[in-house]
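One structure is given here, and the rest of the page talks about it.
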Amino acid sequence: MKKSEMLLFETHAHYDDEQYDGDREELLPLLHESGIAAIVNIACDEESNARAFALAQRYPYVFATVGYHPCDCGGLTDAHFDTMRARAANEKVVAVGEIGLDYHWDDVPRAVQQEMFIRQLDLARDMDLPVVIHSREAAQDTFDILRGHGVGRGVMHCYAYSTEMAREYIKRGYMLGIGGVVTFKNAKTVKAVVEAIPLEHLVLETDSPYLTPSPYRGKRNSSAHLIYVAEAIAKIKGTDVATVCEQTFENALRLYGLDRQRVCGASI
Ligand code: NI
């Protein structure tokens with residue numbers, strides 16, 4: 001594992017995933033010791049909501065979200081919303097997500113996805129929490145729903161749309177989540193976004209265990225690879241890696257409403 005002198009904030013990972021069942025207990029402390037000061041473990045479905053919450057209670061540097069991914073939002077009942085609401089009141093729960101629209105897989109009818117997206121945005125507003133947005137092949141509908149029902153604080157996870165739309169999002173208070181894709185040679189769209197959008201609006205994420213950056217593409221991802229994302233951003237922006245780490249750390253604190261003392265004070 002590459003040792004980093006700099007503190008990094010992992011804004012989006014899935015350590016509840018079964019791919020970590022064999023080594024989660026060794027991996028999380030190791031990541032933390034190597035400079036990953038905080039990790040937000042993102043919920044997707046019923047099981048991951050429970051597991052993310054449990055991880056956040058166990059590790060001081062792990063935070064959780066509550067929420068149902070658009071591919072997992074079919075069949076949600078009032079009881080699911082009651083559970084989300086109860087968990088969201090816990091101090092280790094920092095956002096509602098990942099929620100949104102996914103027209104690529106179309107696992108859930110689009111009308112249902114839209115309804116559940118809006119209901120979860122309403123929950124975030126009620127609980128005064130930011131949102132983590134997943135949007136795939138649904139640029140305009142996502143934008144329209146967020147314009148009508150958005151909470152004005154959140155992150156566009158794995159941002160992959162146009163630079164023009166990115167400008168609209170940052171104007172409305174959203175951060176752009178930049179992950180391993182920015183290290184891929186052919187990722188022209190996201191590189192153009194990173195070049196055009198000021199660093200004050202970007203946060204680092206890996207989406208572990210998915211989207212492993214170069215040069216480890218194809219292997220299981222982990223937050224140890226965040227540094228490659230930071231390096232790619234630094235190269236595009238013509239700045240140094242330390243600046244990228246520090247500014248995106250600050251941005252992540254602002255996004256999730258955390259203060260540095262609380263994140264770094266006790267444990268680093
Ligand atoms: Ni994710």
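As shown in the structure tokens, the chain order sets the letters A, B, ...; within each chain, residues go from 1, and ligands are also counted from 1 in the order they appear.
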Subject >> Neighbourhood of ligand 1 at 10 Å, counting only C-alpha atoms and all ligand atoms, reported as a PyMOL selection string >> reply: chain A and resi 11-14+41-44+69+97-99+132-134+157-158+205-211
**OP:** Can you pull out every residue within 8 Å of Val131 (chain A), counting only C-alpha atoms, but drop anything in the same chain fewer than 6 positions away, and send it as a count of residues only?
**Re:** 11
Could you build a table of the residues in region 228-260 of chain A lying no more than 12 Å from region 22-39 of chain A, giving for each the nearest pair of atoms and their separation in Å rounded to one decimal place, using only C-alpha atoms, ordered by chain and ascending residue number, as JSON lines?
{"residue": "A:Cys245", "atom": "CA", "partner": "A:Ile36", "partner_atom": "CA", "distance": 10.6}
{"residue": "A:Glu246", "atom": "CA", "partner": "A:Ala37", "partner_atom": "CA", "distance": 11.7}
{"residue": "A:Phe249", "atom": "CA", "partner": "A:Ala37", "partner_atom": "CA", "distance": 9.2}
{"residue": "A:Glu250", "atom": "CA", "partner": "A:Ala38", "partner_atom": "CA", "distance": 11.9}
{"residue": "A:Ala252", "atom": "CA", "partner": "A:Ala38", "partner_atom": "CA", "distance": 9.6}
{"residue": "A:Leu253", "atom": "CA", "partner": "A:Ala38", "partner_atom": "CA", "distance": 9.6}
{"residue": "A:Tyr256", "atom": "CA", "partner": "A:Ala38", "partner_atom": "CA", "distance": 11.1}
{"residue": "A:Leu258", "atom": "CA", "partner": "A:Ala38", "partner_atom": "CA", "distance": 10.3}
{"residue": "A:Asp259", "atom": "CA", "partner": "A:Ala38", "partner_atom": "CA", "distance": 11.4}
{"residue": "A:Arg260", "atom": "CA", "partner": "A:Ala37", "partner_atom": "CA", "distance": 9.9}
**OP:** Please provide as a list of chain:residue names all residues within 10 Å of His104 (chain A), with the sequence filter that same-chain residues fewer than 5 positions apart are discarded (counting only C-alpha atoms).
**Re:**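 These residues fall inside the cut-off: A:Cys71, A:Ser135, A:Arg136, A:Glu137, A:Ala138.
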Subject >> Backbone DSSP call of strand (DSSP E or B) for region 3-227 of chain A, listed as JSON, numbers by chain >> reply: {"A": [8, 9, 10, 11, 12, 13, 36, 37, 38, 39, 40, 41, 62, 63, 64, 65, 66, 93, 94, 95, 96, 97, 98, 99, 100, 101, 102, 131, 132, 133, 134, 135, 136, 154, 155, 156, 174, 175, 176, 177, 178, 202, 203, 204, 208]}
Write the residues of the preceding selection, restricted to N, CA and C atoms, as a compact mmCIF listing (two decimals), in the first residue's frame.
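Final output, saved to result25.txt:
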# COMPACT_ATOMS: atom_id res chain seq x y z
N LEU A 8 -6.21 12.31 3.14
CA LEU A 8 -7.20 12.21 2.07
C LEU A 8 -8.56 11.90 2.65
N PHE A 9 -9.59 12.38 1.97
CA PHE A 9 -10.96 12.13 2.40
C PHE A 9 -11.64 11.29 1.32
N GLU A 10 -12.01 10.07 1.68
CA GLU A 10 -12.73 9.18 0.76
C GLU A 10 -14.22 9.50 0.87
N THR A 11 -14.77 10.14 -0.17
CA THR A 11 -16.16 10.58 -0.07
C THR A 11 -17.17 9.54 -0.53
N HIS A 12 -16.69 8.42 -1.10
CA HIS A 12 -17.65 7.45 -1.64
C HIS A 12 -17.01 6.07 -1.79
N ALA A 13 -17.38 5.14 -0.88
CA ALA A 13 -16.89 3.76 -0.99
C ALA A 13 -17.94 2.81 -0.43
N ILE A 36 -5.81 7.91 4.98
CA ILE A 36 -7.22 8.11 4.64
C ILE A 36 -7.93 8.50 5.94
N ALA A 37 -8.05 9.81 6.15
CA ALA A 37 -8.52 10.31 7.44
C ALA A 37 -9.99 9.99 7.70
N ALA A 38 -10.78 9.97 6.63
CA ALA A 38 -12.21 9.70 6.79
C ALA A 38 -12.74 8.97 5.56
N ILE A 39 -13.73 8.13 5.81
CA ILE A 39 -14.36 7.35 4.74
C ILE A 39 -15.87 7.47 4.91
N VAL A 40 -16.56 7.83 3.83
CA VAL A 40 -18.02 7.77 3.88
C VAL A 40 -18.46 6.51 3.14
N ASN A 41 -19.07 5.60 3.89
CA ASN A 41 -19.54 4.34 3.30
C ASN A 41 -20.98 4.53 2.81
N VAL A 62 -15.12 6.11 10.04
CA VAL A 62 -16.07 5.72 8.99
C VAL A 62 -17.43 6.37 9.27
N PHE A 63 -17.98 7.00 8.24
CA PHE A 63 -19.30 7.61 8.33
C PHE A 63 -20.21 6.88 7.33
N ALA A 64 -21.51 7.02 7.53
CA ALA A 64 -22.43 6.28 6.66
C ALA A 64 -23.47 7.20 6.04
N THR A 65 -24.13 6.66 5.00
CA THR A 65 -25.29 7.33 4.44
C THR A 65 -26.49 6.40 4.61
N VAL A 66 -27.67 6.93 4.38
CA VAL A 66 -28.85 6.09 4.23
C VAL A 66 -29.43 6.38 2.85
N VAL A 93 -24.33 9.37 10.63
CA VAL A 93 -24.95 9.38 9.29
C VAL A 93 -24.86 10.80 8.74
N VAL A 94 -24.17 10.95 7.59
CA VAL A 94 -23.84 12.28 7.10
C VAL A 94 -24.52 12.69 5.80
N ALA A 95 -25.28 11.78 5.19
CA ALA A 95 -25.94 12.14 3.92
C ALA A 95 -27.02 11.12 3.58
N VAL A 96 -27.86 11.50 2.61
CA VAL A 96 -28.82 10.57 2.02
C VAL A 96 -28.28 10.20 0.63
N GLY A 97 -28.07 8.90 0.41
CA GLY A 97 -27.53 8.47 -0.88
C GLY A 97 -27.09 7.03 -0.85
N GLU A 98 -26.74 6.38 -2.00
CA GLU A 98 -26.80 7.10 -3.23
C GLU A 98 -28.16 6.95 -3.86
N ILE A 99 -28.72 8.10 -4.24
CA ILE A 99 -30.06 8.15 -4.80
C ILE A 99 -29.98 8.80 -6.18
N GLY A 100 -30.99 8.57 -7.02
CA GLY A 100 -30.95 9.21 -8.32
C GLY A 100 -31.70 8.42 -9.36
N LEU A 101 -31.15 8.45 -10.58
CA LEU A 101 -31.80 7.80 -11.73
C LEU A 101 -30.75 7.01 -12.51
N ASP A 102 -31.12 5.81 -12.93
CA ASP A 102 -30.23 5.00 -13.76
C ASP A 102 -31.03 4.42 -14.92
N VAL A 131 -27.08 15.32 -0.14
CA VAL A 131 -27.43 14.13 -0.92
C VAL A 131 -26.26 13.67 -1.77
N VAL A 132 -26.17 12.36 -1.97
CA VAL A 132 -25.18 11.74 -2.86
C VAL A 132 -25.96 11.22 -4.06
N ILE A 133 -25.67 11.81 -5.24
CA ILE A 133 -26.50 11.54 -6.41
C ILE A 133 -25.81 10.58 -7.38
N HIS A 134 -26.53 9.51 -7.73
CA HIS A 134 -26.10 8.59 -8.79
C HIS A 134 -26.98 8.89 -10.00
N SER A 135 -26.34 9.19 -11.14
CA SER A 135 -27.11 9.47 -12.35
C SER A 135 -26.40 8.87 -13.55
N ARG A 136 -27.10 8.00 -14.25
CA ARG A 136 -26.50 7.37 -15.42
C ARG A 136 -27.48 7.41 -16.59
N GLY A 154 -24.86 18.78 -1.85
CA GLY A 154 -24.72 17.39 -2.23
C GLY A 154 -23.58 17.19 -3.19
N VAL A 155 -23.46 15.95 -3.67
CA VAL A 155 -22.38 15.62 -4.59
C VAL A 155 -22.93 14.81 -5.75
N MET A 156 -22.47 15.17 -6.95
CA MET A 156 -22.78 14.39 -8.14
C MET A 156 -21.71 13.31 -8.22
N TYR A 174 -23.66 22.15 -5.58
CA TYR A 174 -23.25 20.74 -5.60
C TYR A 174 -21.75 20.61 -5.87
N MET A 175 -21.16 19.58 -5.26
CA MET A 175 -19.78 19.20 -5.55
C MET A 175 -19.81 18.15 -6.66
N LEU A 176 -18.68 18.00 -7.35
CA LEU A 176 -18.56 16.94 -8.35
C LEU A 176 -17.62 15.88 -7.78
N GLY A 177 -18.07 14.64 -7.75
CA GLY A 177 -17.25 13.53 -7.27
C GLY A 177 -16.38 13.01 -8.41
N ILE A 178 -15.05 13.05 -8.20
CA ILE A 178 -14.11 12.61 -9.24
C ILE A 178 -13.41 11.34 -8.74
N LEU A 202 -14.61 20.22 -6.30
CA LEU A 202 -14.34 18.81 -6.57
C LEU A 202 -14.06 18.06 -5.27
N VAL A 203 -14.55 16.80 -5.21
CA VAL A 203 -14.16 15.92 -4.10
C VAL A 203 -13.66 14.60 -4.68
N LEU A 204 -12.83 13.91 -3.88
CA LEU A 204 -12.22 12.65 -4.33
C LEU A 204 -13.06 11.46 -3.87
N SER A 208 -15.01 2.30 -4.36
CA SER A 208 -14.53 0.95 -4.06
C SER A 208 -15.70 0.05 -3.68
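What separates CA of Tyr20 (chain A) from CA of His80 (chain A) is a distance of 25.6 Å.
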Subject >> Which of region 8-249 of chain A DSSP labels helix (DSSP H, G or I), written as a ChimeraX atom specification >> reply: /A:18-20,24-33,46-58,70-72,78-88,110-127,139-149,163-171,180-183,188-196,199-201,223-237,241-249
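For Arg172 (chain A), the list of residues within 7 Å, based on only C-alpha atoms and with local chain neighbours fewer than 3 positions off taken out, reads Gly152, Glu168 and Tyr169 of chain A.
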Give me a file of those residues, with N, CA and C atoms, as a PDB file, in the first residue's frame.
ATOM      1  N   GLY A 152     -29.803  21.613  -2.361  1.00  0.00           N
ATOM      2  CA  GLY A 152     -28.778  22.655  -2.430  1.00  0.00           C
ATOM      3  C   GLY A 152     -27.455  22.298  -1.784  1.00  0.00           C
ATOM      4  N   GLU A 168     -23.745  24.355 -14.071  1.00  0.00           N
ATOM      5  CA  GLU A 168     -25.072  24.552 -13.470  1.00  0.00           C
ATOM      6  C   GLU A 168     -25.132  23.931 -12.076  1.00  0.00           C
ATOM      7  N   TYR A 169     -24.544  22.746 -11.928  1.00  0.00           N
ATOM      8  CA  TYR A 169     -24.567  22.086 -10.620  1.00  0.00           C
ATOM      9  C   TYR A 169     -23.771  22.852  -9.572  1.00  0.00           C
TER      10      TYR A 169
END
